[in-house]
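J.: Contents are compact mmCIF, C-alpha atoms and all ligand atoms; file name model.txt:
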```txt
# COMPACT_ATOMS: atom_id res chain seq x y z
CA MET A 273 54.55 -28.63 146.07
CA ASN A 274 55.96 -29.51 149.49
CA SER A 275 55.58 -33.27 149.68
CA SER A 276 55.88 -33.58 153.46
CA LEU A 277 52.75 -34.92 155.12
CA SER A 278 50.95 -33.28 158.03
CA PRO A 279 49.72 -35.37 161.00
CA ALA A 280 46.20 -35.19 159.53
CA GLU A 281 47.45 -36.51 156.21
CA LEU A 282 49.45 -39.27 157.86
CA ARG A 283 46.26 -40.40 159.60
CA ARG A 284 44.23 -40.17 156.40
CA TYR A 285 46.66 -42.21 154.31
CA ASP A 286 47.40 -44.80 156.98
CA ARG A 287 46.40 -47.78 154.76
CA HIS A 288 48.74 -46.58 152.04
CA LEU A 289 51.60 -46.00 154.47
CA SER A 290 51.44 -49.61 155.59
CA LEU A 291 51.10 -50.90 152.02
CA PRO A 292 54.26 -52.53 150.62
CA GLY A 293 55.38 -50.61 147.55
CA VAL A 294 53.67 -47.38 148.56
CA GLY A 295 54.64 -46.38 152.09
CA LEU A 296 55.73 -42.89 153.04
CA ALA A 297 57.85 -42.37 149.91
CA GLY A 298 55.01 -43.42 147.61
CA GLN A 299 52.52 -41.23 149.44
CA GLN A 300 54.87 -38.26 149.08
CA ARG A 301 55.15 -38.97 145.37
CA LEU A 302 51.35 -38.96 145.16
CA LYS A 303 51.26 -35.62 146.95
CA SER A 304 53.80 -34.11 144.56
CA ALA A 305 51.99 -35.44 141.49
CA ARG A 306 49.93 -33.34 139.10
CA VAL A 307 47.29 -35.22 137.08
CA LEU A 308 45.06 -33.67 134.42
CA ILE A 309 41.64 -35.22 133.89
CA VAL A 310 40.00 -34.28 130.61
CA GLY A 311 36.25 -34.49 131.09
CA ALA A 312 34.32 -34.48 134.37
CA GLY A 313 31.88 -37.08 133.07
CA GLY A 314 31.47 -40.84 133.32
CA LEU A 315 35.17 -41.75 133.25
CA GLY A 316 36.41 -38.57 134.92
CA SER A 317 34.10 -39.03 137.91
CA PRO A 318 35.48 -42.24 139.41
CA SER A 319 39.05 -41.43 138.42
CA ALA A 320 38.91 -37.98 140.02
CA LEU A 321 37.22 -39.31 143.16
CA TYR A 322 39.78 -42.08 143.67
CA LEU A 323 42.80 -39.94 142.78
CA ALA A 324 41.63 -37.28 145.23
CA ALA A 325 40.99 -39.87 147.93
CA ALA A 326 44.42 -41.39 147.28
CA GLY A 327 46.09 -38.04 147.94
CA VAL A 328 47.24 -36.96 144.47
CA GLY A 329 48.37 -33.44 145.36
CA THR A 330 47.04 -31.55 142.35
CA LEU A 331 44.17 -32.54 140.08
CA GLY A 332 43.43 -30.45 136.99
CA ILE A 333 40.04 -30.86 135.35
CA VAL A 334 39.06 -29.70 131.88
CA ASP A 335 35.33 -29.40 131.22
CA HIS A 336 32.89 -26.85 129.84
CA ASP A 337 29.57 -28.61 130.28
CA LEU A 338 26.66 -28.23 132.67
CA VAL A 339 25.30 -31.04 134.82
CA ASP A 340 22.22 -32.54 133.19
CA ALA A 341 19.79 -34.92 134.88
CA SER A 342 20.72 -37.59 132.32
CA ASN A 343 24.34 -37.49 133.57
CA LEU A 344 23.45 -38.72 137.06
CA GLN A 345 23.02 -42.35 135.99
CA ARG A 346 26.84 -42.64 135.84
CA GLN A 347 28.67 -39.37 136.62
CA LEU A 348 29.06 -39.72 140.37
CA LEU A 349 30.97 -36.48 140.82
CA HIS A 350 27.63 -34.71 140.46
CA GLY A 351 24.46 -35.00 142.48
CA THR A 352 20.80 -34.23 141.95
CA ARG A 353 21.13 -30.77 143.48
CA ASP A 354 23.94 -29.96 140.99
CA VAL A 355 21.71 -30.21 137.90
CA GLY A 356 22.20 -27.02 135.89
CA ARG A 357 25.51 -26.13 137.57
CA ALA A 358 28.85 -26.17 135.80
CA LYS A 359 30.34 -29.66 136.07
CA LEU A 360 33.62 -28.06 137.10
CA GLU A 361 32.05 -26.44 140.12
CA SER A 362 30.24 -29.49 141.34
CA ALA A 363 33.40 -31.56 140.73
CA ARG A 364 35.50 -29.14 142.78
CA ASP A 365 33.03 -29.16 145.68
CA ARG A 366 32.74 -32.93 145.71
CA LEU A 367 36.51 -33.48 145.49
CA HIS A 368 37.21 -31.01 148.29
CA ASP A 369 34.70 -32.87 150.41
CA VAL A 370 36.44 -36.17 149.63
CA ASN A 371 39.87 -34.72 150.43
CA PRO A 372 40.49 -31.08 151.38
CA HIS A 373 44.26 -31.60 151.07
CA VAL A 374 44.00 -31.87 147.28
CA VAL A 375 44.40 -28.79 145.10
CA VAL A 376 41.81 -28.82 142.31
CA GLU A 377 42.63 -26.68 139.28
CA LEU A 378 39.72 -25.88 136.98
CA HIS A 379 40.05 -25.34 133.23
CA ASP A 380 36.69 -24.03 132.09
CA THR A 381 36.99 -24.76 128.38
CA TRP A 382 36.85 -27.52 125.83
CA LEU A 383 40.29 -28.90 125.04
CA THR A 384 41.31 -27.60 121.60
CA SER A 385 44.37 -27.60 119.37
CA GLN A 386 44.91 -24.01 120.49
CA ASN A 387 44.94 -24.62 124.26
CA ALA A 388 45.87 -28.31 124.70
CA LEU A 389 49.66 -28.00 124.88
CA GLU A 390 49.55 -25.03 127.22
CA ILE A 391 47.15 -26.78 129.62
CA MET A 392 48.66 -30.25 129.41
CA ARG A 393 52.29 -29.20 129.86
CA GLN A 394 51.46 -28.17 133.46
CA TYR A 395 50.79 -31.80 134.44
CA ASP A 396 52.74 -35.06 134.78
CA ILE A 397 50.02 -37.41 133.53
CA VAL A 398 46.91 -36.90 131.39
CA LEU A 399 43.83 -39.03 131.96
CA ASP A 400 41.53 -39.19 128.96
CA GLY A 401 37.88 -39.11 130.07
CA THR A 402 36.47 -37.81 126.80
CA ASP A 403 33.63 -39.23 124.75
CA ASN A 404 34.63 -38.26 121.22
CA PHE A 405 37.29 -39.21 118.73
CA ALA A 406 38.47 -35.70 117.89
CA THR A 407 39.48 -34.98 121.50
CA ARG A 408 40.93 -38.47 121.91
CA TYR A 409 43.34 -37.94 118.98
CA LEU A 410 44.07 -34.43 120.22
CA ILE A 411 45.02 -35.71 123.69
CA ASN A 412 47.10 -38.48 122.18
CA ASP A 413 49.08 -36.24 119.86
CA ALA A 414 49.62 -33.61 122.55
CA CYS A 415 50.81 -36.30 124.99
CA VAL A 416 53.29 -37.65 122.41
CA LEU A 417 54.56 -34.14 121.65
CA LEU A 418 54.93 -33.31 125.35
CA GLY A 419 56.23 -36.75 126.38
CA LYS A 420 53.45 -37.25 128.97
CA PRO A 421 51.69 -40.57 129.56
CA ASN A 422 48.11 -40.74 128.29
CA VAL A 423 45.95 -42.90 130.55
CA HIS A 424 43.25 -43.98 128.15
CA GLY A 425 39.74 -45.25 128.76
CA ALA A 426 36.78 -45.60 126.45
CA ILE A 427 33.31 -47.08 126.81
CA PHE A 428 30.44 -48.08 124.60
CA ARG A 429 27.17 -49.63 125.74
CA PHE A 430 28.40 -52.69 127.73
CA ASP A 431 32.05 -52.74 126.60
CA GLY A 432 35.05 -50.78 127.72
CA GLN A 433 38.76 -50.57 127.14
CA ALA A 434 41.77 -49.07 128.87
CA SER A 435 45.45 -48.65 128.20
CA VAL A 436 48.37 -46.33 128.82
CA PHE A 437 49.68 -44.62 125.73
CA ALA A 438 52.60 -42.37 124.87
CA THR A 439 55.07 -43.63 127.45
CA ASP A 440 58.79 -43.50 126.60
CA THR A 441 58.81 -46.85 124.82
CA GLY A 442 55.15 -47.83 124.46
CA PRO A 443 52.70 -47.32 121.61
CA CYS A 444 50.25 -44.45 121.29
CA TYR A 445 46.55 -44.32 120.44
CA ARG A 446 47.39 -43.78 116.77
CA CYS A 447 49.50 -46.95 116.70
CA LEU A 448 46.30 -48.79 117.62
CA TYR A 449 43.87 -46.70 115.57
CA PRO A 450 45.69 -44.90 112.72
CA GLU A 451 42.39 -43.55 111.39
CA PRO A 452 39.21 -42.45 113.15
CA PRO A 453 36.01 -44.33 112.27
CA PRO A 454 33.84 -42.66 109.63
CA PRO A 455 31.72 -39.90 111.21
CA GLY A 456 28.38 -41.21 112.43
CA MET A 457 29.49 -44.85 112.41
CA VAL A 458 30.06 -45.07 116.15
CA PRO A 459 27.20 -43.47 118.08
CA ASN A 460 28.06 -41.51 121.21
CA CYS A 461 26.65 -42.42 124.62
CA ALA A 462 23.59 -40.20 124.16
CA GLU A 463 22.65 -42.05 120.99
CA GLY A 464 23.97 -45.53 121.71
CA GLY A 465 23.37 -45.69 125.44
CA VAL A 466 25.79 -46.87 128.09
CA LEU A 467 25.48 -49.08 131.14
CA GLY A 468 25.88 -46.56 133.98
CA VAL A 469 28.28 -48.61 136.06
CA LEU A 470 30.63 -49.30 133.11
CA PRO A 471 32.46 -45.93 133.22
CA GLY A 472 32.79 -46.55 136.96
CA LEU A 473 34.73 -49.69 136.20
CA ILE A 474 36.89 -48.26 133.41
CA GLY A 475 37.50 -44.90 135.11
CA THR A 476 38.60 -46.72 138.25
CA ILE A 477 41.05 -48.78 136.18
CA GLN A 478 42.41 -45.50 134.78
CA ALA A 479 42.90 -44.21 138.33
CA VAL A 480 44.80 -47.40 139.25
CA GLU A 481 47.08 -46.98 136.23
CA ALA A 482 47.74 -43.32 137.06
CA ILE A 483 48.64 -44.21 140.66
CA LYS A 484 50.93 -47.03 139.47
CA LEU A 485 52.74 -44.60 137.16
CA ILE A 486 53.15 -42.02 139.93
CA VAL A 487 54.33 -44.41 142.62
CA GLY A 488 56.27 -46.68 140.26
CA LEU A 489 54.28 -49.76 141.13
CA GLY A 490 53.67 -52.98 139.24
CA GLU A 491 53.32 -53.40 135.51
CA SER A 492 51.56 -50.64 133.62
CA LEU A 493 49.02 -51.22 130.84
CA ALA A 494 51.48 -49.51 128.45
CA GLY A 495 51.86 -51.90 125.50
CA ARG A 496 48.64 -53.70 126.37
CA LEU A 497 44.98 -52.99 125.71
CA LEU A 498 42.55 -54.16 128.36
CA LEU A 499 39.15 -55.11 126.94
CA VAL A 500 36.20 -55.42 129.30
CA ASP A 501 32.95 -57.10 128.29
CA THR A 502 30.51 -56.64 131.15
CA LEU A 503 27.79 -58.90 129.71
CA SER A 504 30.00 -61.98 129.74
CA MET A 505 32.18 -60.39 132.45
CA GLN A 506 35.36 -61.20 130.61
CA PHE A 507 38.55 -59.20 130.89
CA ARG A 508 41.09 -59.73 128.13
CA THR A 509 44.38 -58.02 127.38
CA VAL A 510 45.95 -57.85 123.95
CA GLN A 511 49.54 -56.90 123.32
CA LEU A 512 50.16 -53.64 121.49
CA GLU A 513 53.33 -52.73 119.66
CA ARG A 514 54.60 -49.32 118.79
CA ASP A 515 54.07 -48.84 115.04
CA PRO A 516 57.33 -47.61 113.48
CA ASP A 517 55.23 -45.88 110.78
CA CYS A 518 52.99 -44.12 113.31
CA PRO A 519 53.06 -40.43 112.32
CA ALA A 520 52.85 -39.40 115.99
CA CYS A 521 55.27 -41.61 117.93
CA GLY A 522 57.03 -43.51 115.09
CA THR A 523 58.15 -41.30 112.22
CA ARG A 524 57.20 -38.22 114.24
CA THR A 525 55.88 -36.44 111.17
CA ILE A 526 53.23 -34.87 113.37
CA THR A 527 55.16 -31.99 114.89
CA ALA A 528 52.21 -29.78 115.81
CA LEU A 529 48.55 -30.26 116.65
CA ILE A 530 46.23 -30.44 113.65
CA ASP A 531 42.54 -29.72 113.09
CA TYR A 532 41.01 -32.77 114.74
CA ASP A 533 37.44 -31.95 113.76
CA GLU A 534 38.49 -32.06 110.16
CA PHE A 535 40.55 -35.22 110.76
CA CYS A 536 37.55 -36.97 112.32
CA GLY A 537 34.93 -35.30 110.14
CA THR A 538 32.94 -34.24 113.17
CA PRO A 539 32.19 -30.99 114.94
CA ALA A 540 34.05 -30.63 118.24
CA PRO A 541 32.07 -30.38 121.47
CA GLY A 542 30.80 -26.84 121.67
CA ALA A 543 31.82 -26.18 118.07
CA VAL A 544 29.91 -23.28 116.67
CA LEU A 545 28.67 -22.74 113.18
CA ALA A 546 28.50 -19.02 113.83
CA ASP A 547 31.22 -18.25 111.30
CA ASP A 548 28.87 -18.87 108.41
CA GLY A 549 25.82 -17.51 110.20
CA ARG A 550 24.26 -20.93 110.74
CA GLU A 551 23.60 -20.68 114.48
CA ILE A 552 20.52 -19.29 116.13
CA ALA A 553 20.17 -18.34 119.80
CA PRO A 554 17.29 -19.97 121.69
CA THR A 555 15.72 -16.57 122.44
CA GLU A 556 15.76 -15.68 118.75
CA LEU A 557 14.09 -18.97 117.85
CA ALA A 558 11.46 -18.41 120.54
CA ALA A 559 10.77 -14.94 119.14
CA ARG A 560 10.44 -16.27 115.59
CA LEU A 561 8.09 -19.04 116.71
CA ALA A 562 6.02 -16.52 118.69
CA ARG A 563 5.51 -14.31 115.65
CA GLY A 564 4.51 -17.31 113.55
CA ASP A 565 7.49 -17.51 111.19
CA HIS A 566 7.20 -20.30 108.63
CA LEU A 567 9.97 -22.54 109.87
CA GLU A 568 10.39 -26.18 110.65
CA VAL A 569 12.03 -27.12 113.95
CA ILE A 570 13.65 -30.54 113.82
CA ASP A 571 14.74 -32.19 117.05
CA VAL A 572 17.54 -34.64 116.28
CA ARG A 573 17.75 -36.19 119.74
CA GLU A 574 16.94 -39.82 120.47
CA PRO A 575 13.39 -40.87 121.44
CA HIS A 576 14.28 -41.35 125.11
CA GLU A 577 15.58 -37.78 125.25
CA THR A 578 12.62 -36.12 123.58
CA ALA A 579 10.09 -38.03 125.67
CA THR A 580 10.29 -35.62 128.60
CA SER A 581 10.80 -32.23 126.99
CA SER A 582 10.82 -30.71 123.55
CA ILE A 583 9.97 -27.54 121.67
CA PRO A 584 6.24 -27.36 120.91
CA GLY A 585 5.61 -28.24 117.27
CA ALA A 586 9.02 -29.78 116.70
CA ARG A 587 9.42 -32.72 114.37
CA PHE A 588 11.51 -35.62 115.67
CA ILE A 589 14.22 -37.10 113.47
CA PRO A 590 17.06 -38.72 115.45
CA LEU A 591 20.42 -37.77 113.96
CA GLY A 592 21.17 -41.32 112.83
CA THR A 593 18.03 -41.36 110.67
CA LEU A 594 18.41 -37.89 109.16
CA GLY A 595 19.91 -39.23 105.95
CA GLU A 596 16.84 -41.38 105.31
CA ALA A 597 14.48 -38.51 106.12
CA ILE A 598 16.13 -35.92 103.89
CA GLY A 599 13.70 -36.59 101.02
CA SER A 600 10.77 -35.64 103.23
CA LEU A 601 12.16 -32.21 104.19
CA ASP A 602 10.83 -29.03 102.62
CA ARG A 603 13.74 -27.16 101.04
CA THR A 604 11.72 -23.97 100.74
CA ARG A 605 11.25 -23.59 104.49
CA ASP A 606 13.76 -22.42 107.06
CA ILE A 607 14.94 -25.48 108.94
CA VAL A 608 16.05 -25.06 112.55
CA LEU A 609 17.80 -28.03 114.15
CA ILE A 610 18.02 -28.67 117.86
CA CYS A 611 19.53 -31.32 120.14
CA ARG A 612 20.61 -31.44 123.78
CA SER A 613 23.67 -29.20 123.71
CA GLY A 614 24.03 -27.98 120.12
CA LYS A 615 26.60 -30.56 119.08
CA ARG A 616 24.45 -33.06 117.22
CA SER A 617 22.31 -30.31 115.69
CA ALA A 618 25.49 -28.70 114.32
CA ASP A 619 26.40 -32.06 112.83
CA ALA A 620 22.89 -32.35 111.36
CA ALA A 621 23.18 -28.83 109.91
CA ARG A 622 26.41 -29.80 108.19
CA GLN A 623 24.72 -32.90 106.73
CA LEU A 624 21.86 -30.82 105.33
CA LEU A 625 24.19 -28.14 103.98
CA ALA A 626 26.24 -30.86 102.32
CA ALA A 627 23.01 -32.21 100.80
CA GLY A 628 22.34 -28.84 99.19
CA PHE A 629 19.98 -27.28 101.74
CA THR A 630 20.63 -23.58 102.19
CA ARG A 631 18.17 -22.39 104.84
CA VAL A 632 19.52 -24.35 107.79
CA GLU A 633 20.29 -23.20 111.31
CA SER A 634 21.38 -24.97 114.49
CA VAL A 635 20.19 -23.84 117.93
CA SER A 636 23.24 -22.79 119.92
CA GLY A 637 23.43 -24.58 123.28
CA GLY A 638 20.49 -26.85 122.39
CA MET A 639 17.65 -27.71 124.75
CA LEU A 640 19.89 -27.03 127.76
CA ARG A 641 20.16 -23.36 126.80
CA TRP A 642 16.58 -23.24 125.50
CA SER A 643 15.21 -24.26 128.92
CA GLU A 644 17.51 -21.82 130.70
CA GLU A 645 16.94 -18.76 128.57
CA THR A 646 13.54 -18.77 126.91
CA GLY A 647 11.12 -19.51 129.73
CA VAL A 648 8.95 -21.22 127.11
CA PRO A 649 7.54 -24.35 128.71
CA SER A 650 8.79 -27.36 126.82
CA ALA A 651 6.14 -29.82 125.80
CA ALA A 652 6.26 -33.49 126.65
CA ARG A 653 6.22 -35.44 123.43
CA THR A 654 2.85 -37.02 122.83
CA ASN A 655 3.22 -38.16 119.26
CA THR A 656 5.40 -41.23 119.40
CA SER A 657 5.49 -41.95 115.68
CA TYR A 658 8.66 -40.95 113.96
CA THR A 659 9.33 -39.68 110.50
CA VAL A 660 11.34 -42.77 109.83
CA ASP A 661 9.37 -45.69 111.19
CA ASN A 662 11.38 -48.57 109.87
CA ARG A 663 13.87 -48.57 112.73
ZN ZN B 701 52.01 -44.12 117.81
```
What does this structure look like when you write it as structure tokens?
Ligand SMILES: [Zn+2]
T.:
Amino acid sequence: MNSSLSPAELRRYDRHLSLPGVGLAGQQRLKSARVLIVGAGGLGSPSALYLAAAGVGTLGIVDHDLVDASNLQRQLLHGTRDVGRAKLESARDRLHDVNPHVVVELHDTWLTSQNALEIMRQYDIVLDGTDNFATRYLINDACVLLGKPNVHGAIFRFDGQASVFATDTGPCYRCLYPEPPPPGMVPNCAEGGVLGVLPGLIGTIQAVEAIKLIVGLGESLAGRLLLVDTLSMQFRTVQLERDPDCPACGTRTITALIDYDEFCGTPAPGAVLADDGREIAPTELAARLARGDHLEVIDVREPHETATSSIPGARFIPLGTLGEAIGSLDRTRDIVLICRSGKRSADAARQLLAAGFTRVESVSGGMLRWSEETGVPSAARTNTSYTVDNR
């Protein structure tokens, strides 16, 4: 891209042009830069907004989700009127409004082992705004293989962390975490909750690190992990070393991307069970319910999610309590699992299949697709007692 700045851009970036260390040369570097943001969610929102405002010439965004009302508490790229739209579209519109000089490239897909290298190689820097371990390891390994810095951020409830991985000499995510946590041990934001402003803080730190890398400013977080505890409002940094035995950046035994769902023991976002016939479309479920089929619908979302809408007659067993509730399930009935997007229900289906259940299906696209496609009014939950009461 031509890095020369128009009069309108010179006016817009005036406070950068007068800033020691940035100036005209730094602003031109920003304009030439290409940054990929994986995930237009809590972390991706502030980072994309600030990188666009700062004049990063090209922003790529990878996402395949729709805006849900429950996103608005923290995902400031999207507004109330965007609910139900593709996150990519609302992100593009918002970013163009922030800065029309920025080129926004949309990648309407989940990042997978099949497409990651091809997408990521088009960019200088990758900013990790994902919420799951499988994609985090995927981004890390692809960054190491491609030699691109991985600007990392992660959040949980009131705590966050940030670093820069996979630089020429610094450690990578695997040096810090050689193994993923056991599946189900760390709840995601939907299950565990998150303070809405926290991704704003961490995503903004990621944007600062990306800008520092582009302009060549200051001291990067490479080799350090920043830990943020918002409740005590303490910021700590710990030193990180590259692990010579790290299979990604040390011994380099990882020479190609692997199956990260298998590595993490979790289904990827949007993963389908269709291969073994375990998925059911919302319209098909609605038809089976309408003709009175003898099936049990189990909603594995959290109580706060099921409080406003659910499938009439559904039983509520949050995913984290499914193991305890297994004994109370009728193995002779068809069990249909549902969650918000189809991800947790797929995980629940795997758990039940592993426990020997055979008649198990997961609703593809979850309640989001159910509301869109069936036209069946969803019932507000009135029965607040849960199958497993001891939690
Ligand atoms: Zn490493």
J.: Please identify all polymer residues within 7 Å of Leu331 of chain A, counting all atoms listed in the file, omitting same-chain residues fewer than 3 positions from it, and present them as a list in words.
T.: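 Everything that qualifies: Arg306, Val307, Leu308, Val328, Val375, Val376 and Glu377 of chain A.
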J.: If I take atom CA of Leu378 of chain A and atom CA of Pro279 of chain A, how far is one from the other in Å, to one decimal?
T.: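 Computing it gives 27.7 Å between the two atoms.
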J.: So, counting all atoms listed in the file, which residue among A:Gly401, A:Gly495, A:Pro318, A:Gly432 is closest to ligand ZN 701 (chain B)?
T.: A:Gly495
J.: Counting all atoms listed in the file, which residue out of A:Phe629, A:Tyr449, A:Trp642, A:Phe507 sits closest to Phe405 of chain A?
T.: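 Under the stated criterion, the closest residue is A:Tyr449.
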J.: When distances are computed from all atoms listed in the file, which of A:Arg366, A:His424, A:Arg514, A:Arg353 shows the smallest separation from ligand ZN 701 (chain B)?
T.: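 Residue with the minimum atom-to-atom distance to ligand ZN 701 (chain B): A:Arg514.
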